[in-house]
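Chemist: Handing over start.txt, compact mmCIF, C-alpha atoms.
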# COMPACT_ATOMS: atom_id res chain seq x y z
CA MET A 1 126.91 103.80 39.91
CA SER A 2 126.18 107.28 41.19
CA ALA A 3 126.28 108.93 44.57
CA ASP A 4 124.90 112.14 46.01
CA VAL A 5 126.21 112.76 49.50
CA LYS A 6 125.08 115.69 51.60
CA THR A 7 128.12 117.38 53.13
CA SER A 8 126.46 119.54 55.78
CA ALA A 9 128.28 119.09 59.10
CA LYS A 10 125.10 119.30 61.16
CA PRO A 11 122.16 117.50 59.54
CA GLN A 12 118.69 118.16 60.88
CA ILE A 13 116.05 115.53 61.60
CA GLY A 14 114.54 114.54 58.25
CA ASP A 15 117.61 115.44 56.21
CA VAL A 16 118.82 113.06 53.54
CA LEU A 17 122.37 112.00 54.39
CA ALA A 18 123.06 110.28 51.08
CA ARG A 19 121.57 108.80 47.92
CA ARG A 20 123.20 106.21 45.76
CA THR A 21 122.24 104.18 42.72
CA PHE A 22 124.08 100.93 42.09
CA ARG A 23 123.79 97.48 40.58
CA ILE A 24 123.65 95.00 43.45
CA SER A 25 126.27 92.70 41.95
CA ASP A 26 128.68 95.63 41.54
CA VAL A 27 128.72 96.26 45.30
CA LEU A 28 127.44 93.17 47.10
CA GLY A 29 128.02 89.44 47.01
CA ALA A 30 124.65 87.72 47.05
CA SER A 31 126.20 84.27 47.10
CA GLY A 32 128.71 85.19 49.83
CA PHE A 33 125.90 86.54 52.00
CA ALA A 34 123.90 83.33 51.64
CA ARG A 35 126.99 81.19 52.27
CA ALA A 36 127.92 83.17 55.39
CA LEU A 37 124.51 82.17 56.76
CA GLY A 38 125.15 78.52 55.96
CA ALA A 39 123.47 78.02 52.59
CA THR A 40 125.30 75.71 50.21
CA GLU A 41 122.85 75.51 47.33
CA GLY A 42 119.73 77.09 45.90
CA PRO A 43 118.91 80.21 43.86
CA TYR A 44 120.70 82.53 46.30
CA VAL A 45 123.94 80.58 45.88
CA ASN A 46 124.09 78.95 42.45
CA LEU A 47 123.24 80.55 39.12
CA SER A 48 122.21 77.16 37.72
CA ASP A 49 119.72 76.70 40.56
CA ALA A 50 118.36 80.19 39.94
CA LEU A 51 117.90 79.44 36.24
CA ASP A 52 116.19 76.15 37.12
CA HIS A 53 113.74 78.17 39.26
CA GLY A 54 112.95 80.42 36.29
CA PHE A 55 115.01 83.44 37.31
CA THR A 56 117.45 85.19 35.01
CA ALA A 57 120.10 85.68 37.70
CA ARG A 58 120.90 84.63 41.25
CA LEU A 59 118.63 86.03 43.93
CA ALA A 60 119.82 88.58 46.47
CA SER A 61 118.46 88.82 49.99
CA PRO A 62 117.05 92.29 50.67
CA ALA A 63 118.57 91.89 54.14
CA MET A 64 121.94 92.67 52.55
CA LEU A 65 120.82 96.21 51.82
CA ALA A 66 121.96 98.19 54.85
CA PHE A 67 122.69 101.89 55.33
CA PHE A 68 126.44 101.85 54.74
CA GLN A 69 126.13 100.85 51.11
CA THR A 70 124.34 104.16 50.54
CA CYS A 71 125.93 106.39 53.18
CA ALA A 72 129.61 105.63 53.67
CA MET A 73 130.46 104.71 57.25
CA ASP A 74 132.91 107.58 57.73
CA GLU A 75 130.39 110.05 56.29
CA PHE A 76 127.74 108.65 58.61
CA VAL A 77 129.79 109.03 61.78
CA HIS A 78 131.26 112.36 60.65
CA GLN A 79 127.94 113.97 59.74
CA LEU A 80 126.23 112.85 62.94
CA GLY A 81 129.25 113.42 65.19
CA LEU A 82 129.28 109.85 66.43
CA SER A 83 132.24 108.17 68.07
CA PRO A 84 132.64 104.99 65.98
CA ASP A 85 134.47 103.12 68.75
CA HIS A 86 131.57 103.68 71.16
CA THR A 87 128.62 103.19 68.83
CA ALA A 88 126.78 99.92 68.31
CA PHE A 89 123.86 98.69 66.23
CA ALA A 90 120.92 98.41 68.61
CA GLY A 91 118.05 97.26 66.44
CA ALA A 92 115.95 97.73 63.32
CA THR A 93 112.35 98.25 62.35
CA GLY A 94 111.09 98.05 58.81
CA GLN A 95 109.34 96.40 55.95
CA VAL A 96 110.37 94.30 53.00
CA ALA A 97 108.21 94.43 49.89
CA PRO A 98 107.06 91.21 48.22
CA GLY A 99 108.86 90.01 45.15
CA ALA A 100 112.11 88.37 44.13
CA LEU A 101 115.22 90.55 44.10
CA LEU A 102 117.83 89.65 41.48
CA GLU A 103 121.51 90.36 42.06
CA THR A 104 121.53 92.11 38.67
CA ALA A 105 118.94 94.67 39.82
CA VAL A 106 119.89 98.34 39.83
CA VAL A 107 118.69 99.83 43.09
CA VAL A 108 118.28 103.36 44.38
CA GLY A 109 119.16 103.83 48.04
CA GLU A 110 118.37 106.83 50.19
CA CYS A 111 119.58 107.27 53.75
CA ARG A 112 117.79 109.76 55.97
CA TYR A 113 118.45 110.99 59.52
CA VAL A 114 115.10 110.53 61.27
CA GLY A 115 115.57 110.61 65.01
CA GLU A 116 117.75 111.17 68.02
CA GLU A 117 117.26 110.79 71.75
CA SER A 118 119.43 111.12 74.84
CA LYS A 119 119.03 108.69 77.71
CA VAL A 120 120.71 107.82 80.97
CA SER A 121 121.32 104.15 81.67
CA SER A 122 120.44 102.52 84.98
CA SER A 123 124.12 102.88 85.93
CA GLY A 124 123.99 106.62 85.24
CA ALA A 125 125.95 106.56 81.98
CA ALA A 126 124.90 108.87 79.16
CA ARG A 127 123.48 107.19 76.07
CA ARG A 128 122.70 108.73 72.68
CA LEU A 129 120.29 106.94 70.37
CA VAL A 130 120.44 107.82 66.68
CA VAL A 131 117.92 106.55 64.13
CA ILE A 132 118.47 106.54 60.38
CA GLU A 133 116.06 105.27 57.75
CA THR A 134 117.29 103.65 54.59
CA THR A 135 114.92 103.11 51.69
CA TYR A 136 115.75 101.01 48.65
CA ARG A 137 113.75 101.03 45.44
CA HIS A 138 114.13 99.66 41.95
CA GLN A 139 114.94 102.26 39.31
CA ASP A 140 111.31 102.20 38.17
CA GLY A 141 110.18 103.13 41.67
CA ARG A 142 109.00 99.73 42.93
CA PRO A 143 109.82 99.44 46.64
CA ILE A 144 112.31 96.90 47.96
CA SER A 145 112.73 97.75 51.63
CA THR A 146 112.49 100.52 54.18
CA VAL A 147 114.41 100.00 57.41
CA LYS A 148 115.02 102.24 60.40
CA PHE A 149 118.35 101.37 62.02
CA THR A 150 118.90 102.43 65.62
CA PHE A 151 122.40 103.02 66.93
CA ILE A 152 123.41 103.59 70.51
CA GLU A 153 126.45 105.64 71.43
CA ALA A 154 127.78 105.14 74.94
CA THR A 155 129.31 108.51 75.67
CA PRO A 156 132.70 108.09 77.40
CA MET B 1 100.91 77.73 67.44
CA THR B 2 103.48 77.20 64.68
CA THR B 3 107.22 77.35 65.16
CA HIS B 4 109.83 77.78 62.45
CA ARG B 5 113.52 77.31 63.25
CA TYR B 6 116.74 77.73 61.34
CA VAL B 7 120.25 77.07 62.64
CA THR B 8 123.46 78.30 61.06
CA PRO B 9 126.71 76.39 61.11
CA ILE B 10 129.26 77.46 63.73
CA LEU B 11 130.21 81.02 62.80
CA ASP B 12 133.92 81.73 62.95
CA ALA B 13 136.11 84.70 62.06
CA LEU B 14 136.17 83.54 58.44
CA ALA B 15 132.36 83.66 58.30
CA PHE B 16 132.47 87.16 59.79
CA ALA B 17 134.98 88.25 57.15
CA ARG B 18 132.91 86.64 54.40
CA MET B 19 129.86 88.58 55.58
CA SER B 20 131.79 91.86 55.70
CA ILE B 21 133.06 91.37 52.16
CA ALA B 22 129.66 90.24 50.84
CA THR B 23 127.93 93.32 52.25
CA ASP B 24 130.77 95.81 51.63
CA ASP B 25 130.82 96.51 55.38
CA PRO B 26 133.94 98.52 56.28
CA ASN B 27 133.62 98.26 60.08
CA PRO B 28 136.94 96.80 61.34
CA ILE B 29 135.42 95.26 64.47
CA HIS B 30 134.16 92.41 62.27
CA VAL B 31 137.57 91.49 60.84
CA ASP B 32 140.37 93.03 62.93
CA HIS B 33 140.89 91.56 66.41
CA GLN B 34 142.92 94.53 67.65
CA ALA B 35 140.30 97.01 66.44
CA ALA B 36 137.63 94.98 68.22
CA VAL B 37 139.65 94.95 71.46
CA ARG B 38 140.21 98.72 71.20
CA ALA B 39 136.43 99.09 70.95
CA GLY B 40 136.06 97.18 74.22
CA LEU B 41 135.03 93.86 72.71
CA PRO B 42 136.57 90.49 73.61
CA SER B 43 137.20 89.63 69.95
CA VAL B 44 135.85 90.30 66.50
CA ILE B 45 132.05 90.16 66.42
CA GLY B 46 129.70 89.29 63.61
CA SER B 47 127.77 91.95 61.72
CA GLY B 48 124.19 92.69 62.69
CA LEU B 49 123.40 91.60 59.14
CA PHE B 50 123.71 88.00 60.33
CA VAL B 51 120.58 88.68 62.36
CA MET B 52 118.91 90.56 59.51
CA GLY B 53 119.74 87.77 57.06
CA LEU B 54 118.40 85.10 59.40
CA LEU B 55 115.26 87.14 59.93
CA ASP B 56 114.72 87.39 56.16
CA LYS B 57 115.38 83.68 55.69
CA ALA B 58 113.01 82.72 58.48
CA ALA B 59 110.31 85.16 57.39
CA ARG B 60 110.33 83.74 53.88
CA SER B 61 110.27 80.22 55.28
CA ALA B 62 107.20 81.09 57.32
CA ALA B 63 105.37 83.36 54.89
CA GLY B 64 106.44 81.88 51.56
CA ASP B 65 109.17 82.71 49.08
CA HIS B 66 109.28 86.37 48.11
CA ALA B 67 106.49 87.35 50.50
CA GLY B 68 106.52 90.80 52.01
CA TYR B 69 106.79 91.34 55.75
CA THR B 70 107.34 93.93 58.45
CA PHE B 71 109.57 93.51 61.46
CA ASP B 72 110.85 95.08 64.66
CA ILE B 73 113.95 93.56 66.19
CA GLN B 74 116.28 94.64 68.98
CA MET B 75 119.83 93.44 69.50
CA ARG B 76 120.40 91.95 72.97
CA GLY B 77 123.93 90.65 72.61
CA PRO B 78 126.84 90.39 70.16
CA VAL B 79 127.34 87.71 67.52
CA LEU B 80 130.44 86.00 68.92
CA PRO B 81 132.79 83.64 67.06
CA GLY B 82 132.69 79.91 67.70
CA ARG B 83 128.94 79.79 68.11
CA ALA B 84 126.03 78.90 65.87
CA LEU B 85 122.94 81.09 65.69
CA GLU B 86 119.42 79.77 65.88
CA ILE B 87 116.39 81.80 64.92
CA SER B 88 112.97 80.76 66.08
CA ILE B 89 109.71 82.22 64.83
CA VAL B 90 106.68 81.41 66.94
CA ASP B 91 103.36 82.18 65.28
CA GLU B 92 100.74 82.74 67.94
CA GLN B 93 97.89 83.84 65.62
CA ASP B 94 97.76 87.52 66.53
CA ARG B 95 101.49 88.02 66.88
CA VAL B 96 104.66 86.41 65.63
CA ALA B 97 107.60 86.42 68.04
CA VAL B 98 111.18 86.20 66.80
CA GLN B 99 114.20 85.28 68.86
CA VAL B 100 117.82 84.69 67.89
CA ASN B 101 119.94 82.69 70.34
CA ASP B 102 123.52 81.53 70.09
CA SER B 103 124.66 78.00 70.82
CA ALA B 104 126.11 79.08 74.20
CA GLY B 105 122.67 80.09 75.39
CA GLY B 106 122.99 83.82 74.83
CA VAL B 107 120.08 85.85 73.53
CA VAL B 108 121.35 87.79 70.51
CA ALA B 109 118.13 89.46 69.34
CA LYS B 110 114.40 89.53 70.02
CA GLY B 111 111.53 91.04 68.17
CA ARG B 112 108.33 90.69 66.20
CA LEU B 113 107.40 89.88 62.66
CA HIS B 114 104.21 90.43 60.68
CA TYR B 115 103.38 88.92 57.31
Here is a file; write its structure as structure tokens.

Modeler:
Amino acid sequence: MSADVKTSAKPQIGDVLARRTFRISDVLGASGFARALGATEGPYVNLSDALDHGFTARLASPAMLAFFQTCAMDEFVHQLGLSPDHTAFAGATGQVAPGALLETAVVVGECRYVGEESKVSSSGAARRLVVIETTYRHQDGRPISTVKFTFIEATP
Amino acid sequence: MTTHRYVTPILDALAFARMSIATDDPNPIHVDHQAAVRAGLPSVIGSGLFVMGLLDKAARSAAGDHAGYTFDIQMRGPVLPGRALEISIVDEQDRVAVQVNDSAGGVVAKGRLHY
């Protein structure tokens, strides 16, 4: 596992906040993710089911791959100057590449600061929207997913 | 018009904790009631990855295992404990609408999917 975290206090739009390479099973629980959603069997839960389906390991949902596994949460809020108690996940836009993802895969994640906007709510409260894009690839460069996560900070 | 639906079991604080551990999510509002209250929430709330996971599950149900897809989804409400989530995907030929509701009637997320 390796990490490369940018330490600049004031990132600019387009800056890479962090990169990290890790084996999925070293960081994430593919089976726990599937079970949390209600699955009790199948190749995402049981190794024997995965082997029966012709895979060499359990499958991992690419939906598990979020930004915070690449850019640590405290780094994320520190670098962007966000108030963690007043910031919420507002939505996501992205694409998932075709293909099965094994929990033994080694993935390369990159988290980039791609947008920011200030708004005023209908009640007159200030709102700050921050967008980061996280891209995951296999070590050989094959894409896994690219997702833009939007966060909204309700300024006190 | 084709509709795909998937319903989770009732999601409780244990399911929220399981999700946080599975995804290495350090945000305390998913596991610590006091931290959630300090953040202005009524209780712990589930990670947005419940919605992302349901979206992935439903997309693969609709498009086929291991198919690629694009999506755009906005959160409309929190994932609260004691409720199940239901995702519905309505394929209307030129667009595919996605909606996640909870079992109390709340809209948790809405968006679009393309595969």

Chemist: Every residue with an atom at most 12 Å from (140.6, 90.5, 66.7) (file coordinates; all atoms listed in the file) is what I'm after, so could you write them as a PyMOL selection string?

Modeler: chain B and resi 12-14+16-17+28-46+80-81

Chemist: Hey, could you make a per-residue contact list for chain A against chain B with 7 Å as the cut-off, showing the nearest pair of atoms and its distance in Å to one decimal, counting all atoms listed in the file, sorted by chain and number, as CSV?

Modeler:
residue,atom,partner,partner_atom,distance
A:Val27,CA,B:Asp24,CA,6.7
A:Leu28,CA,B:Thr23,CA,5.2
A:Gly29,CA,B:Ala22,CA,4.2
A:Ala30,CA,B:Ala22,CA,6.8
A:Gly32,CA,B:Ala22,CA,5.2
A:Phe33,CA,B:Ala22,CA,5.4
A:Ala36,CA,B:Ala15,CA,5.3
A:Leu37,CA,B:Thr8,CA,5.9
A:Gly38,CA,B:Thr8,CA,5.4
A:Ala63,CA,B:Gly53,CA,5.2
A:Met64,CA,B:Thr23,CA,6.0
A:Phe68,CA,B:Asp25,CA,6.9
A:Gln69,CA,B:Asp24,CA,6.9
A:Asp85,CA,B:Ala39,CA,5.0
A:His86,CA,B:Ala39,CA,6.7
A:Phe89,CA,B:Gly48,CA,7.0
A:Ala90,CA,B:Met75,CA,5.2
A:Gly91,CA,B:Gln74,CA,4.1
A:Ala92,CA,B:Ile73,CA,5.4
A:Thr93,CA,B:Asp72,CA,4.2
A:Gly94,CA,B:Phe71,CA,5.5
A:Gln95,CA,B:Thr70,CA,4.0
A:Val96,CA,B:Gly68,CA,5.3
A:Ala97,CA,B:Gly68,CA,4.5
A:Pro98,CA,B:Gly68,CA,3.9
A:Gly99,CA,B:His66,CA,4.7
A:Ala100,CA,B:His66,CA,5.3

Chemist: Please compute the CA of Pro143 (chain A)-CA of Ala62 (chain B) distance, one decimal, in Å.

Modeler: 21.4 Å

Chemist: Please determine, counting only C-alpha atoms, which residue among B:Gln93, B:Ser61, B:Gln99, B:Ser88 has the shortest atom-to-atom distance to Arg5 (chain B).

Modeler: B:Ser88

Chemist: Could you give me the centre and size, in Å to one decimal, of an axis-aligned box around all listed atoms of region 39-58 of chain B with 3 Å added on every side, as lines of an AutoDock Vina configuration file?

Modeler:
center_x = 125.1
center_y = 90.9
center_z = 65.0
size_x = 30.2
size_y = 22.4
size_z = 24.5

Chemist: Which value, in Å to one decimal, gives the distance between CA of Thr146 (chain A) and CA of Gly115 (chain A)?

Modeler: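 Value for the CA of Thr146 (chain A)-CA of Gly115 (chain A) distance: 15.1 Å.
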
Chemist: CA of Ala59 (chain B) to CA of Gln139 (chain A): how many Å, to one decimal?

Modeler: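 Here the two named atoms are 25.3 Å from each other.
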
Chemist: Take region 8-33 of chain A, model N, CA, C and O atoms, and hand the result over as a tab-separated table (two decimals), in the coordinates of the input.

Modeler:
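And here's selection-v3.tsv as it stands now:
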chain	number	residue	atom	x	y	z
A	8	SER	N	126.70	118.69	54.62
A	8	SER	CA	126.46	119.54	55.78
A	8	SER	C	127.00	118.88	57.04
A	8	SER	O	126.83	117.70	57.28
A	9	ALA	N	127.67	119.66	57.89
A	9	ALA	CA	128.28	119.09	59.10
A	9	ALA	C	127.23	118.79	60.16
A	9	ALA	O	127.45	117.95	61.01
A	10	LYS	N	126.10	119.48	60.11
A	10	LYS	CA	125.10	119.30	61.16
A	10	LYS	C	123.74	119.03	60.54
A	10	LYS	O	122.92	119.94	60.42
A	11	PRO	N	123.46	117.80	60.14
A	11	PRO	CA	122.16	117.50	59.54
A	11	PRO	C	121.04	117.66	60.56
A	11	PRO	O	121.24	117.46	61.76
A	12	GLN	N	119.88	118.04	60.05
A	12	GLN	CA	118.69	118.16	60.88
A	12	GLN	C	117.84	116.90	60.71
A	12	GLN	O	117.96	116.18	59.72
A	13	ILE	N	116.95	116.67	61.69
A	13	ILE	CA	116.05	115.53	61.60
A	13	ILE	C	115.26	115.63	60.29
A	13	ILE	O	114.69	116.67	59.97
A	14	GLY	N	115.23	114.57	59.53
A	14	GLY	CA	114.54	114.54	58.25
A	14	GLY	C	115.46	114.74	57.06
A	14	GLY	O	115.07	114.47	55.93
A	15	ASP	N	116.68	115.20	57.31
A	15	ASP	CA	117.61	115.44	56.21
A	15	ASP	C	118.05	114.12	55.56
A	15	ASP	O	118.22	113.10	56.25
A	16	VAL	N	118.24	114.19	54.26
A	16	VAL	CA	118.82	113.06	53.54
A	16	VAL	C	120.34	113.12	53.69
A	16	VAL	O	120.96	114.14	53.39
A	17	LEU	N	120.92	112.05	54.21
A	17	LEU	CA	122.37	112.00	54.39
A	17	LEU	C	123.06	111.61	53.09
A	17	LEU	O	124.17	112.07	52.81
A	18	ALA	N	122.43	110.75	52.32
A	18	ALA	CA	123.06	110.28	51.08
A	18	ALA	C	122.05	109.57	50.20
A	18	ALA	O	121.06	109.02	50.70
A	19	ARG	N	122.31	109.61	48.90
A	19	ARG	CA	121.57	108.80	47.92
A	19	ARG	C	122.60	108.11	47.04
A	19	ARG	O	123.64	108.69	46.74
A	20	ARG	N	122.26	106.92	46.62
A	20	ARG	CA	123.20	106.21	45.76
A	20	ARG	C	122.44	105.22	44.89
A	20	ARG	O	121.52	104.55	45.38
A	21	THR	N	122.82	105.16	43.65
A	21	THR	CA	122.24	104.18	42.72
A	21	THR	C	123.33	103.20	42.32
A	21	THR	O	124.43	103.63	41.94
A	22	PHE	N	123.06	101.91	42.44
A	22	PHE	CA	124.08	100.93	42.09
A	22	PHE	C	123.45	99.60	41.69
A	22	PHE	O	122.32	99.29	42.09
A	23	ARG	N	124.19	98.85	40.90
A	23	ARG	CA	123.79	97.48	40.58
A	23	ARG	C	124.24	96.61	41.74
A	23	ARG	O	125.40	96.69	42.17
A	24	ILE	N	123.34	95.78	42.25
A	24	ILE	CA	123.65	95.00	43.45
A	24	ILE	C	124.95	94.21	43.27
A	24	ILE	O	125.84	94.24	44.13
A	25	SER	N	125.10	93.55	42.14
A	25	SER	CA	126.27	92.70	41.95
A	25	SER	C	127.57	93.49	41.81
A	25	SER	O	128.65	92.92	41.92
A	26	ASP	N	127.47	94.80	41.59
A	26	ASP	CA	128.68	95.63	41.54
A	26	ASP	C	129.22	95.92	42.94
A	26	ASP	O	130.39	96.27	43.10
A	27	VAL	N	128.35	95.84	43.94
A	27	VAL	CA	128.72	96.26	45.30
A	27	VAL	C	128.67	95.10	46.29
A	27	VAL	O	129.49	95.02	47.20
A	28	LEU	N	127.72	94.21	46.10
A	28	LEU	CA	127.44	93.17	47.10
A	28	LEU	C	127.63	91.77	46.52
A	28	LEU	O	127.51	91.58	45.31
A	29	GLY	N	127.88	90.83	47.41
A	29	GLY	CA	128.02	89.44	47.01
A	29	GLY	C	126.84	88.62	47.50
A	29	GLY	O	126.82	88.19	48.66
A	30	ALA	N	125.86	88.43	46.63
A	30	ALA	CA	124.65	87.72	47.05
A	30	ALA	C	124.97	86.30	47.50
A	30	ALA	O	124.46	85.82	48.51
A	31	SER	N	125.85	85.65	46.76
A	31	SER	CA	126.20	84.27	47.10
A	31	SER	C	126.99	84.22	48.41
A	31	SER	O	126.75	83.35	49.27
A	32	GLY	N	127.92	85.15	48.59
A	32	GLY	CA	128.71	85.19	49.83
A	32	GLY	C	127.83	85.42	51.04
A	32	GLY	O	128.06	84.84	52.10
A	33	PHE	N	126.82	86.27	50.90
A	33	PHE	CA	125.90	86.54	52.00
A	33	PHE	C	125.16	85.26	52.39
A	33	PHE	O	125.07	84.90	53.56
